[in-house]
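Structure file upload.cif (mmCIF, C-alpha atoms and all ligand atoms) follows.
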data_work
loop_
_atom_site.group_PDB
_atom_site.id
_atom_site.type_symbol
_atom_site.label_atom_id
_atom_site.label_comp_id
_atom_site.auth_asym_id
_atom_site.auth_seq_id
_atom_site.Cartn_x
_atom_site.Cartn_y
_atom_site.Cartn_z
ATOM 1 C CA MET A 1 -13.802 18.930 -11.242
ATOM 2 C CA GLU A 2 -15.950 16.374 -13.121
ATOM 3 C CA PRO A 3 -16.376 13.144 -11.127
ATOM 4 C CA ILE A 4 -15.222 9.872 -12.684
ATOM 5 C CA THR A 5 -18.274 7.932 -13.816
ATOM 6 C CA ILE A 6 -18.413 4.255 -12.832
ATOM 7 C CA LEU A 7 -20.790 2.255 -15.011
ATOM 8 C CA PRO A 8 -22.459 -1.033 -14.029
ATOM 9 C CA HIS A 9 -20.021 -3.088 -16.128
ATOM 10 C CA ASP A 10 -16.906 -1.387 -14.719
ATOM 11 C CA HIS A 11 -14.346 -3.218 -12.620
ATOM 12 C CA VAL A 12 -12.234 -0.769 -10.647
ATOM 13 C CA PHE A 13 -8.645 -1.329 -9.471
ATOM 14 C CA VAL A 14 -7.453 1.212 -6.894
ATOM 15 C CA LEU A 15 -3.771 1.238 -5.913
ATOM 16 C CA THR A 16 -2.894 3.369 -2.898
ATOM 17 C CA GLY A 17 0.512 4.562 -1.694
ATOM 18 C CA ALA A 18 1.950 6.389 1.276
ATOM 19 C CA GLY A 19 0.368 9.695 0.120
ATOM 20 C CA ILE A 20 -3.120 8.529 1.130
ATOM 21 C CA SER A 21 -1.996 8.202 4.760
ATOM 22 C CA ALA A 22 -0.031 11.490 4.825
ATOM 23 C CA GLU A 23 -3.043 13.441 6.093
ATOM 24 C CA SER A 24 -3.441 10.888 8.894
ATOM 25 C CA GLY A 25 -0.009 11.938 10.143
ATOM 26 C CA LEU A 26 1.995 8.985 8.763
ATOM 27 C CA ARG A 27 5.018 10.217 6.879
ATOM 28 C CA THR A 28 5.638 9.109 3.312
ATOM 29 C CA PHE A 29 9.013 7.560 2.563
ATOM 30 C CA ARG A 30 10.226 9.864 -0.153
ATOM 31 C CA ASP A 31 8.801 13.275 0.619
ATOM 32 C CA ALA A 32 10.979 15.768 2.488
ATOM 33 C CA GLY A 33 11.358 14.509 6.054
ATOM 34 C CA GLY A 34 10.464 10.999 4.904
ATOM 35 C CA LEU A 35 11.572 7.975 6.811
ATOM 36 C CA TRP A 36 14.438 7.057 4.532
ATOM 37 C CA GLU A 37 16.303 10.168 5.630
ATOM 38 C CA GLU A 38 16.661 8.883 9.161
ATOM 39 C CA HIS A 39 17.172 5.256 8.193
ATOM 40 C CA PRO A 40 18.904 4.184 4.982
ATOM 41 C CA VAL A 41 16.612 1.727 3.198
ATOM 42 C CA GLU A 42 19.148 -1.080 3.189
ATOM 43 C CA GLU A 43 19.461 -0.924 7.016
ATOM 44 C CA VAL A 44 15.775 -1.305 7.874
ATOM 45 C CA ALA A 45 13.975 -2.692 4.827
ATOM 46 C CA SER A 46 16.096 -5.395 3.262
ATOM 47 C CA LEU A 47 17.036 -8.983 4.077
ATOM 48 C CA SER A 48 20.690 -7.974 4.426
ATOM 49 C CA GLY A 49 19.709 -5.258 6.953
ATOM 50 C CA TRP A 50 17.773 -7.870 8.943
ATOM 51 C CA LEU A 51 20.671 -10.329 8.939
ATOM 52 C CA HIS A 52 23.134 -7.587 9.908
ATOM 53 C CA ASN A 53 21.138 -5.872 12.692
ATOM 54 C CA PRO A 54 17.725 -7.445 13.494
ATOM 55 C CA GLY A 55 17.428 -5.361 16.685
ATOM 56 C CA LEU A 56 17.514 -2.107 14.650
ATOM 57 C CA VAL A 57 14.978 -3.495 12.158
ATOM 58 C CA TRP A 58 12.588 -4.437 14.977
ATOM 59 C CA ARG A 59 13.030 -0.997 16.639
ATOM 60 C CA PHE A 60 12.184 0.695 13.320
ATOM 61 C CA TYR A 61 8.998 -1.349 12.812
ATOM 62 C CA SER A 62 8.051 -1.127 16.513
ATOM 63 C CA ASP A 63 8.079 2.686 16.147
ATOM 64 C CA ARG A 64 5.902 2.369 13.032
ATOM 65 C CA ARG A 65 3.519 0.095 14.997
ATOM 66 C CA LEU A 66 3.219 2.690 17.752
ATOM 67 C CA GLN A 67 2.394 5.457 15.242
ATOM 68 C CA ALA A 68 -0.122 3.289 13.406
ATOM 69 C CA MET A 69 -1.936 2.407 16.655
ATOM 70 C CA THR A 70 -2.983 6.013 17.219
ATOM 71 C CA ALA A 71 -3.369 7.168 13.590
ATOM 72 C CA GLN A 72 -6.920 7.728 12.364
ATOM 73 C CA PRO A 73 -8.153 7.132 8.824
ATOM 74 C CA ASN A 74 -8.862 10.284 6.836
ATOM 75 C CA ALA A 75 -11.601 11.182 4.357
ATOM 76 C CA ALA A 76 -9.770 9.421 1.510
ATOM 77 C CA HIS A 77 -9.723 6.063 3.357
ATOM 78 C CA VAL A 78 -13.404 6.540 4.242
ATOM 79 C CA ALA A 79 -14.324 7.338 0.614
ATOM 80 C CA LEU A 80 -12.672 4.116 -0.588
ATOM 81 C CA ALA A 81 -14.402 2.056 2.125
ATOM 82 C CA ARG A 82 -17.745 3.492 0.915
ATOM 83 C CA LEU A 83 -16.811 2.703 -2.679
ATOM 84 C CA GLU A 84 -16.158 -0.890 -1.606
ATOM 85 C CA GLN A 85 -19.613 -1.044 0.026
ATOM 86 C CA ALA A 86 -21.199 0.196 -3.210
ATOM 87 C CA LEU A 87 -19.204 -1.924 -5.674
ATOM 88 C CA GLY A 88 -18.555 -5.105 -3.675
ATOM 89 C CA ASP A 89 -16.154 -7.334 -5.557
ATOM 90 C CA ARG A 90 -16.143 -4.964 -8.549
ATOM 91 C CA LEU A 91 -13.562 -2.989 -6.546
ATOM 92 C CA PHE A 92 -10.063 -4.390 -6.024
ATOM 93 C CA LEU A 93 -8.390 -2.242 -3.363
ATOM 94 C CA CYS A 94 -4.650 -2.839 -3.358
ATOM 95 C CA THR A 95 -2.330 -0.910 -1.075
ATOM 96 C CA GLN A 96 1.418 -0.548 -0.865
ATOM 97 C CA ASN A 97 0.902 0.741 2.661
ATOM 98 C CA VAL A 98 1.558 -1.421 5.652
ATOM 99 C CA ASP A 99 -0.644 0.649 7.978
ATOM 100 C CA PRO A 100 -4.180 -0.547 8.903
ATOM 101 C CA LEU A 101 -6.016 2.679 7.957
ATOM 102 C CA HIS A 102 -8.092 1.266 5.072
ATOM 103 C CA GLU A 103 -9.467 -1.396 7.443
ATOM 104 C CA ARG A 104 -9.970 1.134 10.223
ATOM 105 C CA ALA A 105 -12.112 3.164 7.797
ATOM 106 C CA GLY A 106 -14.285 0.082 7.211
ATOM 107 C CA ALA A 107 -12.760 -1.573 4.123
ATOM 108 C CA LEU A 108 -13.101 -5.354 4.341
ATOM 109 C CA ARG A 109 -11.089 -6.715 1.402
ATOM 110 C CA VAL A 110 -7.788 -4.873 1.288
ATOM 111 C CA CYS A 111 -4.889 -6.480 -0.539
ATOM 112 C CA HIS A 112 -1.696 -5.522 1.343
ATOM 113 C CA MET A 113 0.930 -6.263 -1.287
ATOM 114 C CA HIS A 114 3.799 -5.041 0.926
ATOM 115 C CA GLY A 115 2.584 -6.719 4.114
ATOM 116 C CA GLU A 116 1.056 -5.449 7.327
ATOM 117 C CA LEU A 117 2.620 -3.634 10.268
ATOM 118 C CA THR A 118 0.300 -5.388 12.703
ATOM 119 C CA LYS A 119 1.480 -8.878 11.724
ATOM 120 C CA SER A 120 4.649 -10.926 12.150
ATOM 121 C CA ARG A 121 5.882 -14.218 10.747
ATOM 122 C CA CYS A 122 8.717 -16.719 10.932
ATOM 123 C CA GLU A 123 11.877 -15.717 9.053
ATOM 124 C CA ARG A 124 12.320 -19.310 7.840
ATOM 125 C CA CYS A 125 9.345 -21.693 7.873
ATOM 126 C CA ALA A 126 5.951 -21.517 6.143
ATOM 127 C CA ALA A 127 3.895 -20.919 9.310
ATOM 128 C CA PRO A 128 1.276 -18.275 8.397
ATOM 129 C CA PRO A 129 1.644 -14.623 9.476
ATOM 130 C CA PHE A 130 -0.178 -13.782 12.712
ATOM 131 C CA VAL A 131 -1.518 -10.623 14.372
ATOM 132 C CA ASP A 132 1.221 -9.180 16.567
ATOM 133 C CA GLU A 133 1.406 -5.672 17.994
ATOM 134 C CA ARG A 134 4.360 -6.240 20.344
ATOM 135 C CA GLN A 135 7.154 -3.710 20.593
ATOM 136 C CA ILE A 136 10.529 -5.399 20.213
ATOM 137 C CA ARG A 137 13.490 -3.134 20.843
ATOM 138 C CA ASP A 138 16.604 -5.279 21.044
ATOM 139 C CA GLU A 139 18.012 -8.421 19.510
ATOM 140 C CA ALA A 140 17.797 -10.442 22.723
ATOM 141 C CA SER A 141 14.004 -9.930 22.914
ATOM 142 C CA ILE A 142 13.216 -11.211 19.426
ATOM 143 C CA PRO A 143 10.696 -14.049 19.860
ATOM 144 C CA ARG A 144 11.250 -17.452 18.253
ATOM 145 C CA CYS A 145 8.961 -19.563 16.093
ATOM 146 C CA ALA A 146 8.198 -23.156 17.122
ATOM 147 C CA CYS A 147 10.721 -24.180 14.438
ATOM 148 C CA GLY A 148 13.486 -22.315 16.285
ATOM 149 C CA ALA A 149 13.985 -19.442 13.796
ATOM 150 C CA ARG A 150 13.375 -15.784 14.654
ATOM 151 C CA ILE A 151 10.072 -13.922 14.253
ATOM 152 C CA ARG A 152 10.302 -11.003 11.774
ATOM 153 C CA PRO A 153 7.881 -8.230 10.781
ATOM 154 C CA HIS A 154 5.374 -9.317 8.080
ATOM 155 C CA ILE A 155 6.708 -6.743 5.623
ATOM 156 C CA CYS A 156 7.894 -7.154 2.035
ATOM 157 C CA TRP A 157 11.403 -5.747 2.054
ATOM 158 C CA PHE A 158 13.288 -4.446 -0.963
ATOM 159 C CA GLY A 159 14.494 -7.400 -3.004
ATOM 160 C CA GLU A 160 11.576 -9.608 -1.861
ATOM 161 C CA ILE A 161 8.511 -10.553 -3.927
ATOM 162 C CA PRO A 162 5.306 -8.733 -2.906
ATOM 163 C CA PHE A 163 2.379 -10.749 -1.576
ATOM 164 C CA GLU A 164 -0.697 -11.891 -3.533
ATOM 165 C CA MET A 165 0.778 -11.218 -6.984
ATOM 166 C CA ASP A 166 -1.478 -13.886 -8.590
ATOM 167 C CA ARG A 167 -4.656 -12.242 -7.310
ATOM 168 C CA ILE A 168 -3.309 -8.792 -8.249
ATOM 169 C CA GLY A 169 -2.459 -9.977 -11.788
ATOM 170 C CA ALA A 170 -5.981 -11.339 -12.304
ATOM 171 C CA ALA A 171 -7.539 -8.067 -11.096
ATOM 172 C CA LEU A 172 -5.243 -6.012 -13.347
ATOM 173 C CA ASP A 173 -6.241 -8.133 -16.334
ATOM 174 C CA CYS A 174 -9.970 -7.563 -15.869
ATOM 175 C CA CYS A 175 -10.206 -3.968 -14.599
ATOM 176 C CA THR A 176 -11.758 -1.304 -16.813
ATOM 177 C CA LEU A 177 -10.763 1.629 -14.597
ATOM 178 C CA PHE A 178 -7.379 1.878 -12.856
ATOM 179 C CA VAL A 179 -6.786 4.593 -10.248
ATOM 180 C CA THR A 180 -3.582 5.258 -8.298
ATOM 181 C CA VAL A 181 -3.743 7.453 -5.204
ATOM 182 C CA GLY A 182 -0.667 9.028 -3.571
ATOM 183 C CA SER A 183 2.220 6.955 -4.909
ATOM 184 C CA SER A 184 5.462 8.326 -6.363
ATOM 185 C CA GLY A 185 5.539 5.603 -9.051
ATOM 186 C CA ALA A 186 9.113 4.710 -8.155
ATOM 187 C CA VAL A 187 8.725 1.365 -6.357
ATOM 188 C CA TYR A 188 8.262 -1.700 -8.604
ATOM 189 C CA PRO A 189 6.371 -3.861 -9.345
ATOM 190 C CA ALA A 190 3.497 -1.579 -8.216
ATOM 191 C CA ALA A 191 4.801 1.304 -10.335
ATOM 192 C CA GLY A 192 4.455 -0.941 -13.416
ATOM 193 C CA PHE A 193 0.748 -1.785 -12.926
ATOM 194 C CA VAL A 194 -0.430 1.285 -14.862
ATOM 195 C CA ALA A 195 1.717 0.422 -17.910
ATOM 196 C CA HIS A 196 0.344 -3.154 -17.777
ATOM 197 C CA VAL A 197 -3.307 -2.045 -17.910
ATOM 198 C CA ARG A 198 -2.587 0.558 -20.625
ATOM 199 C CA GLN A 199 -0.774 -1.928 -22.850
ATOM 200 C CA ARG A 200 -3.454 -4.636 -22.755
ATOM 201 C CA PRO A 201 -5.332 -5.299 -26.023
ATOM 202 C CA ARG A 202 -8.305 -3.539 -24.374
ATOM 203 C CA PRO A 203 -6.688 -0.859 -22.213
ATOM 204 C CA ALA A 204 -8.248 0.338 -18.959
ATOM 205 C CA ARG A 205 -8.870 4.018 -18.324
ATOM 206 C CA THR A 206 -6.085 5.248 -16.020
ATOM 207 C CA ILE A 207 -6.212 8.099 -13.500
ATOM 208 C CA TYR A 208 -3.667 9.411 -10.981
ATOM 209 C CA VAL A 209 -4.678 11.302 -7.840
ATOM 210 C CA GLY A 210 -1.959 12.889 -5.725
ATOM 211 C CA LEU A 211 0.030 15.962 -4.863
ATOM 212 C CA GLU A 212 2.397 15.977 -7.836
ATOM 213 C CA GLU A 213 3.084 14.146 -11.089
ATOM 214 C CA PRO A 214 4.458 10.670 -10.305
ATOM 215 C CA GLU A 215 7.531 9.173 -12.022
ATOM 216 C CA ASN A 216 5.277 6.911 -14.130
ATOM 217 C CA GLY A 217 2.929 9.830 -14.946
ATOM 218 C CA PHE A 218 3.320 9.238 -18.692
ATOM 219 C CA PHE A 219 1.030 6.200 -18.512
ATOM 220 C CA PHE A 220 -1.966 7.942 -16.947
ATOM 221 C CA ASP A 221 -4.785 9.241 -19.156
ATOM 222 C CA GLU A 222 -5.495 11.847 -16.552
ATOM 223 C CA GLN A 223 -3.809 13.331 -13.481
ATOM 224 C CA ARG A 224 -5.828 15.039 -10.771
ATOM 225 C CA LEU A 225 -3.388 16.904 -8.591
ATOM 226 C CA GLY A 226 -4.298 17.688 -4.987
ATOM 227 C CA LYS A 227 -4.547 16.131 -1.547
ATOM 228 C CA ALA A 228 -6.167 12.707 -1.398
ATOM 229 C CA ALA A 229 -8.515 13.577 1.490
ATOM 230 C CA ALA A 230 -9.856 16.576 -0.415
ATOM 231 C CA MET A 231 -10.256 14.799 -3.764
ATOM 232 C CA LEU A 232 -11.481 11.260 -2.990
ATOM 233 C CA PRO A 233 -14.861 12.002 -1.349
ATOM 234 C CA THR A 234 -16.210 13.502 -4.604
ATOM 235 C CA LEU A 235 -14.035 11.632 -7.112
ATOM 236 C CA PHE A 236 -16.461 8.895 -8.195
ATOM 237 C CA ARG A 237 -20.049 8.942 -9.461
ATOM 238 C CA LEU A 238 -21.843 5.608 -9.756
ATOM 239 C CA THR A 239 -24.484 5.282 -12.460
ATOM 240 C CA GLU A 240 -27.004 2.536 -13.151
ATOM 241 C CA SER A 241 -26.956 2.951 -16.928
ATOM 242 C CA PRO A 242 -24.366 4.008 -19.572
HETATM 243 P P1 LIG A 301 6.288 7.505 -1.663
HETATM 244 O O1 LIG A 301 6.700 8.099 -0.355
HETATM 245 O O2 LIG A 301 7.350 7.124 -2.617
HETATM 246 O O3 LIG A 301 5.344 8.569 -2.436
HETATM 247 C C1 LIG A 301 4.288 9.230 -1.795
HETATM 248 C C2 LIG A 301 3.536 10.051 -2.819
HETATM 249 O O4 LIG A 301 2.388 10.607 -2.212
HETATM 250 C C3 LIG A 301 4.352 11.215 -3.405
HETATM 251 O O5 LIG A 301 4.286 11.175 -4.795
HETATM 252 C C4 LIG A 301 3.642 12.462 -2.866
HETATM 253 O O6 LIG A 301 3.606 13.530 -3.794
HETATM 254 C C5 LIG A 301 2.236 11.957 -2.611
HETATM 255 N N1 LIG A 301 1.533 12.658 -1.533
HETATM 256 C C6 LIG A 301 2.044 13.206 -0.399
HETATM 257 N N2 LIG A 301 1.058 13.728 0.361
HETATM 258 C C7 LIG A 301 -0.102 13.484 -0.294
HETATM 259 C C8 LIG A 301 -1.482 13.765 -0.029
HETATM 260 N N3 LIG A 301 -1.858 14.403 1.091
HETATM 261 N N4 LIG A 301 -2.413 13.364 -0.923
HETATM 262 C C9 LIG A 301 -2.054 12.715 -2.067
HETATM 263 N N5 LIG A 301 -0.768 12.440 -2.386
HETATM 264 C C10 LIG A 301 0.196 12.810 -1.502
HETATM 265 O O7 LIG A 301 5.340 6.289 -1.319
HETATM 266 P P2 LIG A 301 4.885 5.036 -2.203
HETATM 267 O O8 LIG A 301 4.780 5.426 -3.645
HETATM 268 O O9 LIG A 301 3.720 4.441 -1.505
HETATM 269 O O10 LIG A 301 6.054 3.977 -2.173
HETATM 270 C C11 LIG A 301 7.069 3.807 -1.250
HETATM 271 C C12 LIG A 301 6.901 2.695 -0.244
HETATM 272 O O11 LIG A 301 6.597 3.320 0.957
HETATM 273 C C13 LIG A 301 5.803 1.702 -0.379
HETATM 274 O O12 LIG A 301 6.376 0.463 -0.578
HETATM 275 C C14 LIG A 301 5.067 1.666 0.974
HETATM 276 O O13 LIG A 301 4.960 0.334 1.435
HETATM 277 C C15 LIG A 301 5.933 2.423 1.855
HETATM 278 N N6 LIG A 301 5.333 3.287 2.901
HETATM 279 C C16 LIG A 301 4.182 2.966 3.546
HETATM 280 C C17 LIG A 301 3.649 3.822 4.513
HETATM 281 C C18 LIG A 301 2.365 3.446 5.220
HETATM 282 O O14 LIG A 301 2.041 2.284 5.351
HETATM 283 N N7 LIG A 301 1.601 4.445 5.672
HETATM 284 C C19 LIG A 301 4.280 5.007 4.832
HETATM 285 C C20 LIG A 301 5.471 5.298 4.164
HETATM 286 C C21 LIG A 301 5.961 4.441 3.189
#

Written as C-alpha cells, how would this file's structure read?
Ligand code: NAD
Amino acid sequence: MEPITILPHDHVFVLTGAGISAESGLRTFRDAGGLWEEHPVEEVASLSGWLHNPGLVWRFYSDRRLQAMTAQPNAAHVALARLEQALGDRLFLCTQNVDPLHERAGALRVCHMHGELTKSRCERCAAPPFVDERQIRDEASIPRCACGARIRPHICWFGEIPFEMDRIGAALDCCTLFVTVGSSGAVYPAAGFVAHVRQRPRPARTIYVGLEEPENGFFFDEQRLGKAAAMLPTLFRLTESP
C-alpha cells in the first residue's frame, strides 16, 4: 500500500487507542473477551463505582498495573517513537491508553488524555499526580493524601473530563494530517476529534488504521484496515520537498 507522504509543512496529530497495544498482549475494552465483560464499566471506571467500592476499583487497576509492567511495546509503538524523533514537535502523539508502551518504545512527549496506570493522585485536593506502581487490593490498604482524603488511580473515568484538553484543542486546530490508530470511535470526546478536523475551514487529511471500520468511520478520508504492528512501520514517508 502507498505510504502516507509527510511534507515539511505538515503537522501530524496521531490518536491511538487500545488496538495499538493489542499485539503487546493488553486486551482492548470492547473486543470479544475485553475487560468490560468481566467488570461492568460503572463498577470500575466511574466516580460512583469508586465511591461504592474503592477496594474493587483498586484491585482492577492493580491488575492492569501488573500486566503493564511486563508488557513490551510492539512495532507500532516503535514506529511512532521514530516518527517523533524525525518530526519533533510537528508530531502531537495523543493516546487514550493508560499503559506506558509509547514511552517504553522511546516516545518522549506523549499526551495521555485518559491518564496513566503508573500514576496516582488525591481524590480531593489539587496535589499533582505522582508515579506509583503499588498494588492495592482492599479498602483498608488505600493510602491517604496529606490532606486526609484517599489516593485514587490517575485515570479519567467515564463522566470525568479528559486531561490536557487545551493542548489537544490547539494541536487539533493546527494539524494538517490526522491519523487514528486502533480505536473503535465510540468513546467521546476522542471519537469526535476526526469530525472537528474535517469540519474546520481548512480541513486536515484524515486516515484510520485498525482492524475494522470504526463507529466514526464516515469522517475518515481513508481507512487502512489491518493490524497496527504490521501497518505502522511502513505507513509514513517523509519528504523534504512537495
Ligand atoms: P476499544 O476497545 O473501544 O477499541 C479498540 C479498537 O482497536 C477496535 O476498533 C479494534 O477493531 C481495534 N483493534 C484491535 N486489535 C487491533 C490491532 N492489532 N491493530 C489495530 N487495531 C486493532 O478501545 P478505544 O477506542 O481505545 O477506547 C476505549 C477505552 O479503552 C479508552 O478510553 C482507553 O483508555 C481504554 N483502554 C486502554 C487500554 C490500554 O491502556 N492499553 C486497554 C483497554 C482499554

Given all atoms listed in the file as the counted atoms, nearest of A:Val41, A:Ile136, A:Ala79, A:Met231 to Leu211 of chain A:
A:Met231

Nearest to ligand LIG 301 (chain A) among A:Glu133, A:Asp166, A:Glu23, A:Asp138, with distances taken over all atoms listed in the file: which residue is it?
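Nearest candidate to ligand LIG 301 (chain A) out of A:Glu133, A:Asp166, A:Glu23, A:Asp138: A:Glu23.
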
Per-residue nearest contacts of chain A to ligand LIG 301 (chain A) (7 Å; all atoms listed in the file) as CSV:
residue,atom,partner,partner_atom,distance
A:Thr16,CA,A:LIG301,O9,6.8
A:Gly17,CA,A:LIG301,O9,3.2
A:Ala18,CA,A:LIG301,O9,3.8
A:Gly19,CA,A:LIG301,O4,3.2
A:Ile20,CA,A:LIG301,N4,5.3
A:Ser21,CA,A:LIG301,N7,5.3
A:Ala22,CA,A:LIG301,N3,5.1
A:Glu23,CA,A:LIG301,N3,5.2
A:Leu26,CA,A:LIG301,N7,5.5
A:Arg27,CA,A:LIG301,C20,5.6
A:Thr28,CA,A:LIG301,C20,3.9
A:Phe29,CA,A:LIG301,O1,3.8
A:Arg30,CA,A:LIG301,O1,3.9
A:Asp31,CA,A:LIG301,O1,5.7
A:Gln96,CA,A:LIG301,O13,4.3
A:Asn97,CA,A:LIG301,O14,3.3
A:Val98,CA,A:LIG301,O14,3.7
A:Asp99,CA,A:LIG301,O14,4.1
A:His114,CA,A:LIG301,O13,5.5
A:Val181,CA,A:LIG301,C9,6.4
A:Gly182,CA,A:LIG301,N5,3.6
A:Ser183,CA,A:LIG301,O8,3.2
A:Ser184,CA,A:LIG301,O5,3.5
A:Gly185,CA,A:LIG301,O8,5.5
A:Ala186,CA,A:LIG301,O2,6.3
A:Val187,CA,A:LIG301,O10,5.6
A:Val209,CA,A:LIG301,C9,6.5
A:Gly210,CA,A:LIG301,N5,3.6
A:Leu211,CA,A:LIG301,N5,4.4
A:Glu212,CA,A:LIG301,O6,4.9
A:Pro214,CA,A:LIG301,O5,5.5
A:Gly226,CA,A:LIG301,C9,6.2
A:Lys227,CA,A:LIG301,N4,3.5
A:Ala228,CA,A:LIG301,N4,3.8
A:Ala229,CA,A:LIG301,N4,6.6

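For the structure in this document, the set picked by the PyMOL selection byres (((chain A and resi 174) around 12) and not hetatm) is His9, Asp10, His11, Val12, Phe13, Arg90, Leu91, Phe92, Arg167, Ile168, Gly169, Ala170, Ala171, Leu172, Asp173, Cys175, Thr176, Leu177, Phe178, His196, Val197, Arg198, Arg200, Pro201, Arg202, Pro203, Ala204 and Arg205 of chain A.
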
If you measure from atom CA of Pro129 of chain A to atom CA of His154 of chain A, what distance in Å do you get, rounded to one decimal?
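Calculated distance between atom CA of Pro129 of chain A and atom CA of His154 of chain A is 6.6 Å.
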
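The smallest atom-to-atom distance between Pro233 of chain A and any of A:Val57, A:His39, A:His77, A:Ile6, using all atoms listed in the file, is found for A:His77.
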
Near-Ala146 of chain A list (10 Å; only C-alpha atoms; drop same-chain fewer than 3 positions) as a PyMOL selection string
chain A and resi 122+125+127+143+149-151

Distance atom CA of Thr206 of chain A-atom CA of Gly115 of chain A, one decimal place?
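Computed distance, atom CA of Thr206 of chain A to atom CA of Gly115 of chain A, equals 25.0 Å.
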
Please identify all polymer residues within 12 Å of Arg64 of chain A, counting all atoms listed in the file, omitting same-chain residues fewer than 2 positions from it, and present them as a PDB file with C-alpha atoms, in the frame of the given file.
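Generated output (selection.pdb):
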ATOM      1  CA  GLY A  25      -0.009  11.938  10.143  1.00  0.00           C
ATOM      2  CA  LEU A  26       1.995   8.985   8.763  1.00  0.00           C
ATOM      3  CA  ARG A  27       5.018  10.217   6.879  1.00  0.00           C
ATOM      4  CA  THR A  28       5.638   9.109   3.312  1.00  0.00           C
ATOM      5  CA  LEU A  35      11.572   7.975   6.811  1.00  0.00           C
ATOM      6  CA  VAL A  44      15.775  -1.305   7.874  1.00  0.00           C
ATOM      7  CA  VAL A  57      14.978  -3.495  12.158  1.00  0.00           C
ATOM      8  CA  TRP A  58      12.588  -4.437  14.977  1.00  0.00           C
ATOM      9  CA  ARG A  59      13.030  -0.997  16.639  1.00  0.00           C
ATOM     10  CA  PHE A  60      12.184   0.695  13.320  1.00  0.00           C
ATOM     11  CA  TYR A  61       8.998  -1.349  12.812  1.00  0.00           C
ATOM     12  CA  SER A  62       8.051  -1.127  16.513  1.00  0.00           C
ATOM     13  CA  LEU A  66       3.219   2.690  17.752  1.00  0.00           C
ATOM     14  CA  GLN A  67       2.394   5.457  15.242  1.00  0.00           C
ATOM     15  CA  ALA A  68      -0.122   3.289  13.406  1.00  0.00           C
ATOM     16  CA  MET A  69      -1.936   2.407  16.655  1.00  0.00           C
ATOM     17  CA  THR A  70      -2.983   6.013  17.219  1.00  0.00           C
ATOM     18  CA  ALA A  71      -3.369   7.168  13.590  1.00  0.00           C
ATOM     19  CA  ASN A  97       0.902   0.741   2.661  1.00  0.00           C
ATOM     20  CA  VAL A  98       1.558  -1.421   5.652  1.00  0.00           C
ATOM     21  CA  ASP A  99      -0.644   0.649   7.978  1.00  0.00           C
ATOM     22  CA  PRO A 100      -4.180  -0.547   8.903  1.00  0.00           C
ATOM     23  CA  GLU A 116       1.056  -5.449   7.327  1.00  0.00           C
ATOM     24  CA  LEU A 117       2.620  -3.634  10.268  1.00  0.00           C
ATOM     25  CA  THR A 118       0.300  -5.388  12.703  1.00  0.00           C
ATOM     26  CA  GLU A 133       1.406  -5.672  17.994  1.00  0.00           C
ATOM     27  CA  ARG A 134       4.360  -6.240  20.344  1.00  0.00           C
ATOM     28  CA  GLN A 135       7.154  -3.710  20.593  1.00  0.00           C
ATOM     29  CA  ILE A 136      10.529  -5.399  20.213  1.00  0.00           C
ATOM     30  CA  PRO A 153       7.881  -8.230  10.781  1.00  0.00           C
ATOM     31  CA  ILE A 155       6.708  -6.743   5.623  1.00  0.00           C
TER      32      ILE A 155
END

Atom CA of Pro3 of chain A and atom CA of Glu213 of chain A, how far apart in Å?
19.5 Å

Out of A:Thr95, A:Thr180, A:Ser48, A:Gln72, which residue has the shortest atom-to-atom distance to Asp221 of chain A when counting all atoms listed in the file?
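Counting all atoms listed in the file, the residue closest to Asp221 of chain A is A:Thr180.
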
Hey, what's within 7 Å of Trp157 of chain A if we count only C-alpha atoms and toss same-chain stuff fewer than 3 positions away? As a list in words, please?
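Result of the neighbour search: Ala45, Ser46, Leu47 and Glu160 of chain A.
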